[in-house]
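Q: Got a structure here, written out as structure tokens. Questions coming.
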Amino acid sequence: MGKVTGFLEFERLDEGYEPVQARLKNWKEFVITLAEDQARDQGARCMDCGTPFCNSGCPVNNIIPDFNDLVYRGDWQGAIEVLHQTNNFPEFTGRVCPAPCEAACTLNVNDDPVGIKSIEHAIIDRAWAEGWVTPQPAMARTGRKVAVVGSGPAGLAAAQQLARAGHEVTVFEKNSRIGGLLRYGIPDFKMEKTHIDRRVGQMQAEGVVFRTGVQVGAWPKGSKVTNDAAETIDAEALKAQFDAVLLSGGAEVSRDLPVPGRDLDGVHFAMEFLPQQNKVVAGDKLKGQIKATGKHVIVIGGGDTGSDCVGTSNRHGAASVTQFELMPEPPEQEDKPLTWPYWPTKLRTSSSHEEGCQREFAIATKEFIGGTGKDKGKVTALKTVHVEWHDGKMVEVPGTEREYKADLVLLAMGFTAPVAGVLEAFGVERDGRGNAKAHTEAVGGYSTNVDKVFAAGDMRRGQSLVVWAIREGRQAARAVDEYLQGASTLPR
Ligand SMILES: Cc1cc2nc3c(=O)[nH]c(=O)nc-3n(C[C@H](O)[C@H](O)[C@H](O)COP(=O)(O)OP(=O)(O)OC[C@H]3O[C@@H](n4cnc5c(N)ncnc54)[C@H](O)[C@@H]3O)c2cc1C
Ligand code: SF4
């Protein structure tokens, strides 16, 4: 519970950032983790509120008051033990989670919430530095074999839990490196990839086998989804070789904008642009990287992916960066009595926005305009219109059409569904949105219509968050363990 009077004595202290001009020169993380005494004071702000809404606001149900208290008391080793009980990878969430727990914090009713995410970040970074994060191989082996398809946070969390339950786990990943969107979506400046490599090392020591560059099932022709696979494994072969299969292949099909001019050069999905840069940072030599250097960049889509395109474009040295959002500009402050403890709609300004970006709200793109002469076939401008929303319907505002100069357009409007080929190959039924159909109830959760085939993460729930993927991976692991053993001691 921290210190009884802590919330009266200490103000919230957010993590600092390196100055913009310094951080724009490289791809490194720039968040400055709280020092020990700062984290102690922040932990002290946790009140004895009785019903910790933060705990249910956190999708993995981190036991937040307990680790806050342990940090306040200086027991950092105890704090990481508590954190690891519910979260396999706090170094991922401590960096990229939007922290719905903080929206739910009781102190947030009429004050600034406890800085839970920054405390989580400080605990796990210290734990790695002290050597407290070590492999935990199973005491006994079950002899049962599980295939996990996809190595994003859902697949990794499931694989770690299943290996610790004693199963032989093999993770199949079509791309050349492990991590899913943590590796190829989220830029290094938000999360350096050594964090994934370190966990992969831990999991290998726990017995998990990783097979990269291996695609499971069919792949649709012409797909623009990143795929480095040099080898394909048939769904039936996989089912024959393993006692259970978990599909955690994400929801990788980007939402398109099929307006006139979509085929012009210079109009790309965000997920063509971002993975290339992450590969370059990893040392890959690419032919023809999409670069924003010296260009007028328009990012269409106001979410996390769009924000990552802004940060990447600025690091490339773009001439200008403008981000479009279809929805109207939200209020700067939420109406707390109305929204608490839920996630409020409010204007969110990311560190990438702070690095330089013009933001336009309630704007729709009607056309991509191509150039003439040497610019023939290339995008040079966008035709837009302002929109209003009436009863959930979008209406164009007459007389608001205008053109924006653009040499590079990045489509970051979210993801519609998983790549269908994988689910079709296994004969897995899909829900109305094209995701793998499986519920999350305690009994029969995460199982699909196909015997021994389970699904979790974005592939089951649609595009979401890292913390939700970890939750689903953990819960699906328990479901698979129950299927294989009849009962499970893994936590749900
Ligand atoms: C640019 C971007 C930024 C984001 N930023 C944030 C953020 O800041 N915070 C946050 O919480 N969330 C963020 N997200 C969302 C988050 O990354 C995802 O919700 C999360 O990674 C989903 O995890 P997953 O394991 O379900 O799937 P994924 O991470 O998508 O992993 C799926 C993996 O399966 C592999 N795969 C797919 N099909 C096959 C096949 N047939 N054979 C073999 N392998 C296959 C894929 O290659 C991929 O590696 C972001 C997403 C994007 C795109
Ligand atoms: S995982 Fe996210 S929601 Fe949960 S405690 Fe950490 S920051 Fe909060």
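Here, A, B, ... name the chains of the structure tokens in the order displayed, residue numbers run from 1 inside each chain, and ligands are numbered from 1 in the same displayed order.
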Looking only at the backbone, which of the residues in region 367-438 of chain A does DSSP tag as helix (DSSP H, G or I), as a ChimeraX atom specification?

A: /A:373-375,420-426

Q: Please produce an output containing N, CA, C and O atoms for each residue in the selection, written as a PDB file, in the first residue's frame.

A:
ATOM      1  N   GLY A 373       5.222  15.090 -65.853  1.00  0.00           N
ATOM      2  CA  GLY A 373       6.638  15.115 -66.250  1.00  0.00           C
ATOM      3  C   GLY A 373       7.420  14.048 -65.517  1.00  0.00           C
ATOM      4  O   GLY A 373       7.014  12.890 -65.458  1.00  0.00           O
ATOM      5  N   LYS A 374       8.521  14.439 -64.884  1.00  0.00           N
ATOM      6  CA  LYS A 374       9.357  13.441 -64.191  1.00  0.00           C
ATOM      7  C   LYS A 374       8.648  12.848 -62.974  1.00  0.00           C
ATOM      8  O   LYS A 374       9.048  11.810 -62.455  1.00  0.00           O
ATOM      9  N   ASP A 375       7.608  13.527 -62.516  1.00  0.00           N
ATOM     10  CA  ASP A 375       6.853  13.017 -61.356  1.00  0.00           C
ATOM     11  C   ASP A 375       5.640  12.180 -61.759  1.00  0.00           C
ATOM     12  O   ASP A 375       4.816  11.817 -60.912  1.00  0.00           O
ATOM     13  N   ALA A 420      -5.757 -14.620 -44.009  1.00  0.00           N
ATOM     14  CA  ALA A 420      -6.729 -15.724 -44.005  1.00  0.00           C
ATOM     15  C   ALA A 420      -6.089 -17.093 -44.228  1.00  0.00           C
ATOM     16  O   ALA A 420      -6.553 -18.091 -43.685  1.00  0.00           O
ATOM     17  N   GLY A 421      -4.984 -17.152 -44.993  1.00  0.00           N
ATOM     18  CA  GLY A 421      -4.406 -18.436 -45.389  1.00  0.00           C
ATOM     19  C   GLY A 421      -4.149 -19.386 -44.229  1.00  0.00           C
ATOM     20  O   GLY A 421      -4.403 -20.587 -44.332  1.00  0.00           O
ATOM     21  N   VAL A 422      -3.680 -18.854 -43.101  1.00  0.00           N
ATOM     22  CA  VAL A 422      -3.310 -19.720 -41.974  1.00  0.00           C
ATOM     23  C   VAL A 422      -4.562 -20.383 -41.395  1.00  0.00           C
ATOM     24  O   VAL A 422      -4.593 -21.596 -41.163  1.00  0.00           O
ATOM     25  N   LEU A 423      -5.578 -19.563 -41.160  1.00  0.00           N
ATOM     26  CA  LEU A 423      -6.797 -20.112 -40.550  1.00  0.00           C
ATOM     27  C   LEU A 423      -7.484 -21.081 -41.508  1.00  0.00           C
ATOM     28  O   LEU A 423      -7.966 -22.139 -41.104  1.00  0.00           O
ATOM     29  N   GLU A 424      -7.469 -20.726 -42.793  1.00  0.00           N
ATOM     30  CA  GLU A 424      -8.080 -21.619 -43.785  1.00  0.00           C
ATOM     31  C   GLU A 424      -7.340 -22.951 -43.832  1.00  0.00           C
ATOM     32  O   GLU A 424      -7.963 -24.019 -43.912  1.00  0.00           O
ATOM     33  N   ALA A 425      -6.010 -22.894 -43.759  1.00  0.00           N
ATOM     34  CA  ALA A 425      -5.221 -24.126 -43.838  1.00  0.00           C
ATOM     35  C   ALA A 425      -5.591 -25.100 -42.719  1.00  0.00           C
ATOM     36  O   ALA A 425      -5.594 -26.312 -42.909  1.00  0.00           O
ATOM     37  N   PHE A 426      -5.931 -24.557 -41.553  1.00  0.00           N
ATOM     38  CA  PHE A 426      -6.295 -25.424 -40.418  1.00  0.00           C
ATOM     39  C   PHE A 426      -7.799 -25.713 -40.382  1.00  0.00           C
ATOM     40  O   PHE A 426      -8.252 -26.483 -39.546  1.00  0.00           O
TER      41      PHE A 426
END

Q: Can you work out which residues are within 7 Å of ligand 1, considering only C-alpha atoms and all ligand atoms, and then hand them over as a PDB file with N, CA and C atoms, in the first residue's frame?

A:
ATOM      1  N   THR A  93       5.838  -4.261 -21.461  1.00  0.00           N
ATOM      2  CA  THR A  93       4.713  -3.402 -21.049  1.00  0.00           C
ATOM      3  C   THR A  93       5.211  -2.138 -20.344  1.00  0.00           C
ATOM      4  N   VAL A  96       5.882   0.040 -23.498  1.00  0.00           N
ATOM      5  CA  VAL A  96       4.913   0.409 -24.546  1.00  0.00           C
ATOM      6  C   VAL A  96       3.443   0.311 -24.131  1.00  0.00           C
ATOM      7  N   CYS A  97       3.165  -0.079 -22.887  1.00  0.00           N
ATOM      8  CA  CYS A  97       1.760  -0.206 -22.503  1.00  0.00           C
ATOM      9  C   CYS A  97       1.147   1.188 -22.332  1.00  0.00           C
ATOM     10  N   PRO A  98      -0.070   1.405 -22.812  1.00  0.00           N
ATOM     11  CA  PRO A  98      -0.709   2.721 -22.588  1.00  0.00           C
ATOM     12  C   PRO A  98      -1.184   2.907 -21.147  1.00  0.00           C
ATOM     13  N   VAL A 149       2.338 -21.038 -33.304  1.00  0.00           N
ATOM     14  CA  VAL A 149       2.529 -20.393 -34.607  1.00  0.00           C
ATOM     15  C   VAL A 149       2.462 -18.885 -34.416  1.00  0.00           C
ATOM     16  N   GLY A 150       3.626 -18.230 -34.542  1.00  0.00           N
ATOM     17  CA  GLY A 150       3.680 -16.774 -34.357  1.00  0.00           C
ATOM     18  C   GLY A 150       4.401 -16.446 -33.070  1.00  0.00           C
ATOM     19  N   SER A 151       5.398 -15.526 -33.172  1.00  0.00           N
ATOM     20  CA  SER A 151       6.238 -15.241 -32.003  1.00  0.00           C
ATOM     21  C   SER A 151       6.058 -13.822 -31.481  1.00  0.00           C
ATOM     22  N   GLY A 152       4.828 -13.274 -31.615  1.00  0.00           N
ATOM     23  CA  GLY A 152       4.530 -11.991 -30.980  1.00  0.00           C
ATOM     24  C   GLY A 152       4.371 -12.207 -29.479  1.00  0.00           C
ATOM     25  N   PRO A 153       3.965 -11.168 -28.753  1.00  0.00           N
ATOM     26  CA  PRO A 153       3.844 -11.318 -27.300  1.00  0.00           C
ATOM     27  C   PRO A 153       2.881 -12.419 -26.872  1.00  0.00           C
ATOM     28  N   ALA A 154       1.833 -12.690 -27.678  1.00  0.00           N
ATOM     29  CA  ALA A 154       0.897 -13.766 -27.305  1.00  0.00           C
ATOM     30  C   ALA A 154       1.601 -15.120 -27.401  1.00  0.00           C
ATOM     31  N   GLY A 155       2.267 -15.366 -28.528  1.00  0.00           N
ATOM     32  CA  GLY A 155       2.950 -16.646 -28.726  1.00  0.00           C
ATOM     33  C   GLY A 155       4.078 -16.832 -27.718  1.00  0.00           C
ATOM     34  N   PHE A 172       7.022 -21.450 -34.223  1.00  0.00           N
ATOM     35  CA  PHE A 172       7.265 -21.256 -35.656  1.00  0.00           C
ATOM     36  C   PHE A 172       7.007 -19.799 -36.000  1.00  0.00           C
ATOM     37  N   GLU A 173       7.960 -19.175 -36.665  1.00  0.00           N
ATOM     38  CA  GLU A 173       7.828 -17.754 -37.017  1.00  0.00           C
ATOM     39  C   GLU A 173       8.232 -17.568 -38.477  1.00  0.00           C
ATOM     40  N   LYS A 174       7.348 -16.945 -39.266  1.00  0.00           N
ATOM     41  CA  LYS A 174       7.649 -16.770 -40.700  1.00  0.00           C
ATOM     42  C   LYS A 174       8.752 -15.740 -40.936  1.00  0.00           C
ATOM     43  N   ASN A 175       8.866 -14.770 -40.046  1.00  0.00           N
ATOM     44  CA  ASN A 175       9.881 -13.730 -40.253  1.00  0.00           C
ATOM     45  C   ASN A 175      11.250 -14.192 -39.745  1.00  0.00           C
ATOM     46  N   ILE A 178      12.490 -13.162 -34.082  1.00  0.00           N
ATOM     47  CA  ILE A 178      11.390 -13.408 -33.137  1.00  0.00           C
ATOM     48  C   ILE A 178      10.829 -12.084 -32.607  1.00  0.00           C
ATOM     49  N   GLY A 179       9.529 -12.046 -32.324  1.00  0.00           N
ATOM     50  CA  GLY A 179       8.964 -10.882 -31.622  1.00  0.00           C
ATOM     51  C   GLY A 179       7.677 -10.312 -32.183  1.00  0.00           C
ATOM     52  N   GLY A 180       7.285 -10.722 -33.398  1.00  0.00           N
ATOM     53  CA  GLY A 180       6.032 -10.185 -33.957  1.00  0.00           C
ATOM     54  C   GLY A 180       6.103  -8.675 -34.112  1.00  0.00           C
ATOM     55  N   LEU A 181       5.024  -7.988 -33.754  1.00  0.00           N
ATOM     56  CA  LEU A 181       4.990  -6.527 -33.919  1.00  0.00           C
ATOM     57  C   LEU A 181       5.922  -5.817 -32.942  1.00  0.00           C
ATOM     58  N   LEU A 182       6.324  -6.513 -31.880  1.00  0.00           N
ATOM     59  CA  LEU A 182       7.327  -5.916 -30.986  1.00  0.00           C
ATOM     60  C   LEU A 182       8.629  -5.717 -31.750  1.00  0.00           C
ATOM     61  N   GLY A 185       7.040  -3.933 -35.826  1.00  0.00           N
ATOM     62  CA  GLY A 185       6.101  -2.813 -35.854  1.00  0.00           C
ATOM     63  C   GLY A 185       6.625  -1.672 -35.004  1.00  0.00           C
ATOM     64  N   ILE A 186       6.771  -1.936 -33.720  1.00  0.00           N
ATOM     65  CA  ILE A 186       7.189  -0.908 -32.762  1.00  0.00           C
ATOM     66  C   ILE A 186       8.645  -0.508 -33.040  1.00  0.00           C
ATOM     67  N   VAL A 214       9.982 -19.792 -41.070  1.00  0.00           N
ATOM     68  CA  VAL A 214       9.124 -20.935 -41.399  1.00  0.00           C
ATOM     69  C   VAL A 214       7.661 -20.486 -41.341  1.00  0.00           C
ATOM     70  N   GLN A 215       7.018 -20.567 -42.488  1.00  0.00           N
ATOM     71  CA  GLN A 215       5.611 -20.166 -42.559  1.00  0.00           C
ATOM     72  C   GLN A 215       4.725 -21.395 -42.423  1.00  0.00           C
ATOM     73  N   VAL A 216       3.728 -21.280 -41.574  1.00  0.00           N
ATOM     74  CA  VAL A 216       2.799 -22.393 -41.397  1.00  0.00           C
ATOM     75  C   VAL A 216       1.546 -22.118 -42.229  1.00  0.00           C
ATOM     76  N   GLY A 217       1.175 -23.065 -43.066  1.00  0.00           N
ATOM     77  CA  GLY A 217      -0.031 -22.915 -43.889  1.00  0.00           C
ATOM     78  C   GLY A 217       0.246 -22.107 -45.148  1.00  0.00           C
ATOM     79  N   ASN A 227       6.869 -10.994 -44.857  1.00  0.00           N
ATOM     80  CA  ASN A 227       7.016 -12.459 -44.807  1.00  0.00           C
ATOM     81  C   ASN A 227       8.396 -12.841 -45.334  1.00  0.00           C
ATOM     82  N   SER A 248      -1.156 -18.036 -32.980  1.00  0.00           N
ATOM     83  CA  SER A 248      -1.022 -16.673 -32.446  1.00  0.00           C
ATOM     84  C   SER A 248      -0.300 -15.825 -33.498  1.00  0.00           C
ATOM     85  N   GLY A 249      -0.899 -15.823 -34.681  1.00  0.00           N
ATOM     86  CA  GLY A 249      -0.265 -15.193 -35.845  1.00  0.00           C
ATOM     87  C   GLY A 249      -0.602 -13.719 -36.021  1.00  0.00           C
ATOM     88  N   GLY A 250      -1.293 -13.116 -35.049  1.00  0.00           N
ATOM     89  CA  GLY A 250      -1.584 -11.684 -35.134  1.00  0.00           C
ATOM     90  C   GLY A 250      -2.679 -11.366 -36.142  1.00  0.00           C
ATOM     91  N   ALA A 251      -2.951 -10.083 -36.297  1.00  0.00           N
ATOM     92  CA  ALA A 251      -3.965  -9.597 -37.257  1.00  0.00           C
ATOM     93  C   ALA A 251      -3.228  -8.645 -38.191  1.00  0.00           C
ATOM     94  N   GLU A 252      -2.617  -9.211 -39.212  1.00  0.00           N
ATOM     95  CA  GLU A 252      -1.615  -8.441 -39.958  1.00  0.00           C
ATOM     96  C   GLU A 252      -2.127  -7.741 -41.215  1.00  0.00           C
ATOM     97  N   MET A 271       2.888  -0.552 -42.371  1.00  0.00           N
ATOM     98  CA  MET A 271       3.591  -1.804 -42.097  1.00  0.00           C
ATOM     99  C   MET A 271       4.422  -2.296 -43.289  1.00  0.00           C
ATOM    100  N   LEU A 274       7.516   0.741 -41.594  1.00  0.00           N
ATOM    101  CA  LEU A 274       8.138   0.548 -40.270  1.00  0.00           C
ATOM    102  C   LEU A 274       9.030  -0.699 -40.194  1.00  0.00           C
ATOM    103  N   ASP A 304      -1.427   4.576 -32.533  1.00  0.00           N
ATOM    104  CA  ASP A 304      -0.030   4.232 -32.204  1.00  0.00           C
ATOM    105  C   ASP A 304       0.827   4.055 -33.450  1.00  0.00           C
ATOM    106  N   THR A 305       0.256   3.329 -34.440  1.00  0.00           N
ATOM    107  CA  THR A 305       1.026   3.034 -35.642  1.00  0.00           C
ATOM    108  C   THR A 305       1.351   4.329 -36.366  1.00  0.00           C
ATOM    109  N   ASP A 308       4.066   6.153 -34.627  1.00  0.00           N
ATOM    110  CA  ASP A 308       5.377   5.551 -34.898  1.00  0.00           C
ATOM    111  C   ASP A 308       5.902   5.964 -36.272  1.00  0.00           C
ATOM    112  N   VAL A 419      -4.174 -12.747 -41.616  1.00  0.00           N
ATOM    113  CA  VAL A 419      -4.022 -13.260 -42.981  1.00  0.00           C
ATOM    114  C   VAL A 419      -4.825 -14.563 -43.052  1.00  0.00           C
ATOM    115  N   VAL A 422      -3.680 -18.854 -43.101  1.00  0.00           N
ATOM    116  CA  VAL A 422      -3.310 -19.720 -41.974  1.00  0.00           C
ATOM    117  C   VAL A 422      -4.562 -20.383 -41.395  1.00  0.00           C
ATOM    118  N   ALA A 456      -5.041 -17.387 -29.973  1.00  0.00           N
ATOM    119  CA  ALA A 456      -4.912 -16.336 -28.947  1.00  0.00           C
ATOM    120  C   ALA A 456      -4.274 -15.083 -29.543  1.00  0.00           C
ATOM    121  N   GLY A 457      -4.399 -13.990 -28.802  1.00  0.00           N
ATOM    122  CA  GLY A 457      -3.785 -12.722 -29.210  1.00  0.00           C
ATOM    123  C   GLY A 457      -4.598 -12.040 -30.304  1.00  0.00           C
ATOM    124  N   ASP A 458      -3.933 -11.174 -31.066  1.00  0.00           N
ATOM    125  CA  ASP A 458      -4.633 -10.408 -32.115  1.00  0.00           C
ATOM    126  C   ASP A 458      -5.318 -11.330 -33.119  1.00  0.00           C
ATOM    127  N   MET A 459      -4.798 -12.533 -33.315  1.00  0.00           N
ATOM    128  CA  MET A 459      -5.409 -13.462 -34.260  1.00  0.00           C
ATOM    129  C   MET A 459      -6.816 -13.866 -33.805  1.00  0.00           C
ATOM    130  N   GLN A 463      -6.959  -6.556 -33.732  1.00  0.00           N
ATOM    131  CA  GLN A 463      -5.834  -5.699 -33.352  1.00  0.00           C
ATOM    132  C   GLN A 463      -6.041  -5.142 -31.955  1.00  0.00           C
ATOM    133  N   SER A 464      -4.994  -5.193 -31.146  1.00  0.00           N
ATOM    134  CA  SER A 464      -5.158  -4.814 -29.749  1.00  0.00           C
ATOM    135  C   SER A 464      -3.840  -4.282 -29.201  1.00  0.00           C
ATOM    136  N   LEU A 465      -3.497  -4.717 -27.994  1.00  0.00           N
ATOM    137  CA  LEU A 465      -2.315  -4.191 -27.306  1.00  0.00           C
ATOM    138  C   LEU A 465      -1.401  -5.334 -26.873  1.00  0.00           C
ATOM    139  N   VAL A 466      -0.154  -4.990 -26.604  1.00  0.00           N
ATOM    140  CA  VAL A 466       0.826  -5.976 -26.143  1.00  0.00           C
ATOM    141  C   VAL A 466       0.338  -6.639 -24.855  1.00  0.00           C
ATOM    142  N   VAL A 467      -0.175  -5.836 -23.930  1.00  0.00           N
ATOM    143  CA  VAL A 467      -0.583  -6.390 -22.636  1.00  0.00           C
ATOM    144  C   VAL A 467      -1.756  -7.376 -22.795  1.00  0.00           C
ATOM    145  N   ALA A 469      -2.215  -9.185 -25.493  1.00  0.00           N
ATOM    146  CA  ALA A 469      -1.630 -10.373 -26.126  1.00  0.00           C
ATOM    147  C   ALA A 469      -0.976 -11.258 -25.064  1.00  0.00           C
TER     148      ALA A 469
END

Q: Return as a VMD selection string every polymer residue, whether protein, DNA or RNA, with at least one atom no more than 9 Å from an atom of ligand 2; count only C-alpha atoms and all ligand atoms.

A: chain A and resid 54 to 64 83 87 89 to 90 92 to 102 115 to 121 466 to 468

Q: Mind writing the picked residues with N, CA and C atoms as a tab-separated table (two decimals), in the first residue's frame?

A:
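Once everything was written out, this is again-v6.tsv:
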chain	number	residue	atom	x	y	z
A	54	CYS	N	-6.93	-0.50	-10.11
A	54	CYS	CA	-5.80	-0.64	-11.04
A	54	CYS	C	-5.60	-2.10	-11.41
A	55	ASN	N	-5.80	-2.97	-10.42
A	55	ASN	CA	-5.56	-4.40	-10.60
A	55	ASN	C	-6.50	-5.00	-11.65
A	56	SER	N	-7.77	-4.54	-11.66
A	56	SER	CA	-8.67	-5.04	-12.69
A	56	SER	C	-8.57	-4.21	-13.96
A	57	GLY	N	-8.06	-2.96	-13.86
A	57	GLY	CA	-7.84	-2.16	-15.07
A	57	GLY	C	-6.68	-2.70	-15.91
A	58	CYS	N	-5.77	-3.42	-15.25
A	58	CYS	CA	-4.61	-3.99	-15.96
A	58	CYS	C	-5.02	-5.33	-16.57
A	59	PRO	N	-4.90	-5.49	-17.89
A	59	PRO	CA	-5.35	-6.74	-18.53
A	59	PRO	C	-4.66	-8.00	-18.01
A	60	VAL	N	-3.41	-7.91	-17.51
A	60	VAL	CA	-2.79	-9.11	-16.94
A	60	VAL	C	-3.01	-9.17	-15.42
A	61	ASN	N	-3.79	-8.23	-14.91
A	61	ASN	CA	-4.10	-8.17	-13.47
A	61	ASN	C	-2.84	-8.14	-12.61
A	62	ASN	N	-1.91	-7.30	-13.00
A	62	ASN	CA	-0.72	-7.11	-12.16
A	62	ASN	C	-1.15	-6.73	-10.74
A	63	ILE	N	-0.41	-7.26	-9.75
A	63	ILE	CA	-0.78	-7.02	-8.34
A	63	ILE	C	-0.07	-5.73	-7.93
A	64	ILE	N	-0.61	-4.63	-8.42
A	64	ILE	CA	0.06	-3.34	-8.39
A	64	ILE	C	0.31	-2.81	-6.97
A	83	LEU	N	5.71	-9.09	-9.67
A	83	LEU	CA	5.41	-8.67	-11.05
A	83	LEU	C	5.43	-9.86	-12.01
A	87	ASN	N	2.91	-11.32	-15.13
A	87	ASN	CA	3.36	-10.75	-16.40
A	87	ASN	C	4.71	-11.35	-16.78
A	89	PHE	N	6.54	-10.55	-19.31
A	89	PHE	CA	7.46	-9.61	-19.96
A	89	PHE	C	7.22	-8.16	-19.54
A	90	PRO	N	7.46	-7.83	-18.25
A	90	PRO	CA	7.22	-6.44	-17.84
A	90	PRO	C	8.10	-5.42	-18.55
A	92	PHE	N	8.49	-5.27	-21.68
A	92	PHE	CA	7.73	-4.83	-22.87
A	92	PHE	C	6.64	-3.84	-22.43
A	93	THR	N	5.84	-4.26	-21.46
A	93	THR	CA	4.71	-3.40	-21.05
A	93	THR	C	5.21	-2.14	-20.34
A	94	GLY	N	6.31	-2.26	-19.59
A	94	GLY	CA	6.85	-1.08	-18.90
A	94	GLY	C	7.33	-0.02	-19.89
A	95	ARG	N	7.48	-0.42	-21.16
A	95	ARG	CA	7.89	0.54	-22.19
A	95	ARG	C	6.74	0.97	-23.08
A	96	VAL	N	5.88	0.04	-23.50
A	96	VAL	CA	4.91	0.41	-24.55
A	96	VAL	C	3.44	0.31	-24.13
A	97	CYS	N	3.17	-0.08	-22.89
A	97	CYS	CA	1.76	-0.21	-22.50
A	97	CYS	C	1.15	1.19	-22.33
A	98	PRO	N	-0.07	1.41	-22.81
A	98	PRO	CA	-0.71	2.72	-22.59
A	98	PRO	C	-1.18	2.91	-21.15
A	99	ALA	N	-1.03	1.88	-20.33
A	99	ALA	CA	-1.33	1.94	-18.89
A	99	ALA	C	-2.79	2.23	-18.55
A	100	PRO	N	-3.68	1.34	-18.97
A	100	PRO	CA	-5.08	1.49	-18.53
A	100	PRO	C	-5.22	1.40	-17.01
A	101	CYS	N	-4.23	0.77	-16.35
A	101	CYS	CA	-4.22	0.68	-14.88
A	101	CYS	C	-4.24	2.08	-14.26
A	102	GLU	N	-3.53	3.01	-14.88
A	102	GLU	CA	-3.42	4.35	-14.30
A	102	GLU	C	-4.74	5.11	-14.43
A	115	GLY	N	2.15	6.58	-10.79
A	115	GLY	CA	2.87	6.31	-12.04
A	115	GLY	C	3.24	4.83	-12.13
A	116	ILE	N	2.24	3.99	-12.28
A	116	ILE	CA	2.41	2.54	-12.18
A	116	ILE	C	3.37	2.01	-13.25
A	117	LYS	N	3.17	2.50	-14.48
A	117	LYS	CA	4.00	1.98	-15.58
A	117	LYS	C	5.48	2.29	-15.35
A	118	SER	N	5.76	3.50	-14.85
A	118	SER	CA	7.18	3.85	-14.66
A	118	SER	C	7.78	3.02	-13.52
A	119	ILE	N	6.98	2.65	-12.54
A	119	ILE	CA	7.48	1.80	-11.44
A	119	ILE	C	7.76	0.39	-11.99
A	120	GLU	N	6.81	-0.10	-12.81
A	120	GLU	CA	6.99	-1.42	-13.44
A	120	GLU	C	8.30	-1.44	-14.26
A	121	HIS	N	8.49	-0.38	-15.03
A	121	HIS	CA	9.69	-0.24	-15.86
A	121	HIS	C	10.96	-0.29	-14.99
A	466	VAL	N	-0.15	-4.99	-26.60
A	466	VAL	CA	0.83	-5.98	-26.14
A	466	VAL	C	0.34	-6.64	-24.85
A	467	VAL	N	-0.18	-5.84	-23.93
A	467	VAL	CA	-0.58	-6.39	-22.64
A	467	VAL	C	-1.76	-7.38	-22.80
A	468	TRP	N	-2.65	-7.12	-23.75
A	468	TRP	CA	-3.75	-8.06	-24.00
A	468	TRP	C	-3.22	-9.34	-24.64

Q: Which of region 185-429 of chain A counts as strand (DSSP E or B) under DSSP, as a ChimeraX atom specification please?

A: /A:209-212,214-216,231-233,244-247,253-254,265,267-269,296-300,320-324,358-360,363-371,376,378-390,393-396,402-405,408-411,415-417

Q: Let me make sure I understand: among A:Gly301, A:Pro65, A:Gly166, A:Gly427, which one has the smallest atom-to-atom distance to Lys239 (chain A) if we use only C-alpha atoms?

A: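 Looking at the shortest contact to Lys239 (chain A), the residue is A:Gly427.
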
Q: Closest to Asp481 (chain A) among A:Val280, A:Val387, A:Ala159, A:Leu238, using only C-alpha atoms?

A: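 Smallest distance to Asp481 (chain A) is found for A:Ala159.
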
Q: Determine the nearest neighbour of Arg478 (chain A) from the options A:Val443, A:Ala318, A:Ala79, A:Ala140, counting only C-alpha atoms.

A: A:Val443

Q: Fewer than 4 positions away in the same chain doesn't count, so skip those; otherwise give me all residues within 7 Å of Ala147 (chain A), counting only C-alpha atoms, as a list in words.

A: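 With the cut-off at 7 Å, the set is Val169, Thr170, Val171, Phe242, Ala244, Val245 and Leu246 of chain A.
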
Q: Give me a file of those residues, with N, CA, C and O atoms, as an mmCIF file, in the first residue's frame.

A:
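Generated file (again-v7.cif):
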data_model
loop_
_atom_site.group_PDB
_atom_site.id
_atom_site.type_symbol
_atom_site.label_atom_id
_atom_site.label_comp_id
_atom_site.auth_asym_id
_atom_site.auth_seq_id
_atom_site.Cartn_x
_atom_site.Cartn_y
_atom_site.Cartn_z
ATOM 1 N N VAL A 169 8.030 -27.320 -26.365
ATOM 2 C CA VAL A 169 7.392 -26.258 -27.155
ATOM 3 C C VAL A 169 8.286 -25.831 -28.311
ATOM 4 O O VAL A 169 9.479 -25.571 -28.125
ATOM 5 N N THR A 170 7.692 -25.765 -29.509
ATOM 6 C CA THR A 170 8.401 -25.212 -30.673
ATOM 7 C C THR A 170 7.608 -24.014 -31.182
ATOM 8 O O THR A 170 6.403 -24.118 -31.404
ATOM 9 N N VAL A 171 8.292 -22.885 -31.337
ATOM 10 C CA VAL A 171 7.650 -21.677 -31.876
ATOM 11 C C VAL A 171 8.034 -21.546 -33.342
ATOM 12 O O VAL A 171 9.224 -21.545 -33.674
ATOM 13 N N PHE A 242 2.449 -32.663 -33.644
ATOM 14 C CA PHE A 242 2.315 -32.061 -32.308
ATOM 15 C C PHE A 242 1.000 -32.475 -31.644
ATOM 16 O O PHE A 242 0.010 -32.758 -32.314
ATOM 17 N N ALA A 244 -0.699 -30.483 -29.616
ATOM 18 C CA ALA A 244 -1.587 -29.308 -29.639
ATOM 19 C C ALA A 244 -0.904 -28.211 -30.439
ATOM 20 O O ALA A 244 0.327 -28.151 -30.514
ATOM 21 N N VAL A 245 -1.730 -27.357 -31.059
ATOM 22 C CA VAL A 245 -1.211 -26.237 -31.856
ATOM 23 C C VAL A 245 -1.888 -24.958 -31.369
ATOM 24 O O VAL A 245 -3.116 -24.919 -31.243
ATOM 25 N N LEU A 246 -1.091 -23.934 -31.093
ATOM 26 C CA LEU A 246 -1.668 -22.633 -30.730
ATOM 27 C C LEU A 246 -1.389 -21.660 -31.866
ATOM 28 O O LEU A 246 -0.231 -21.429 -32.230
#
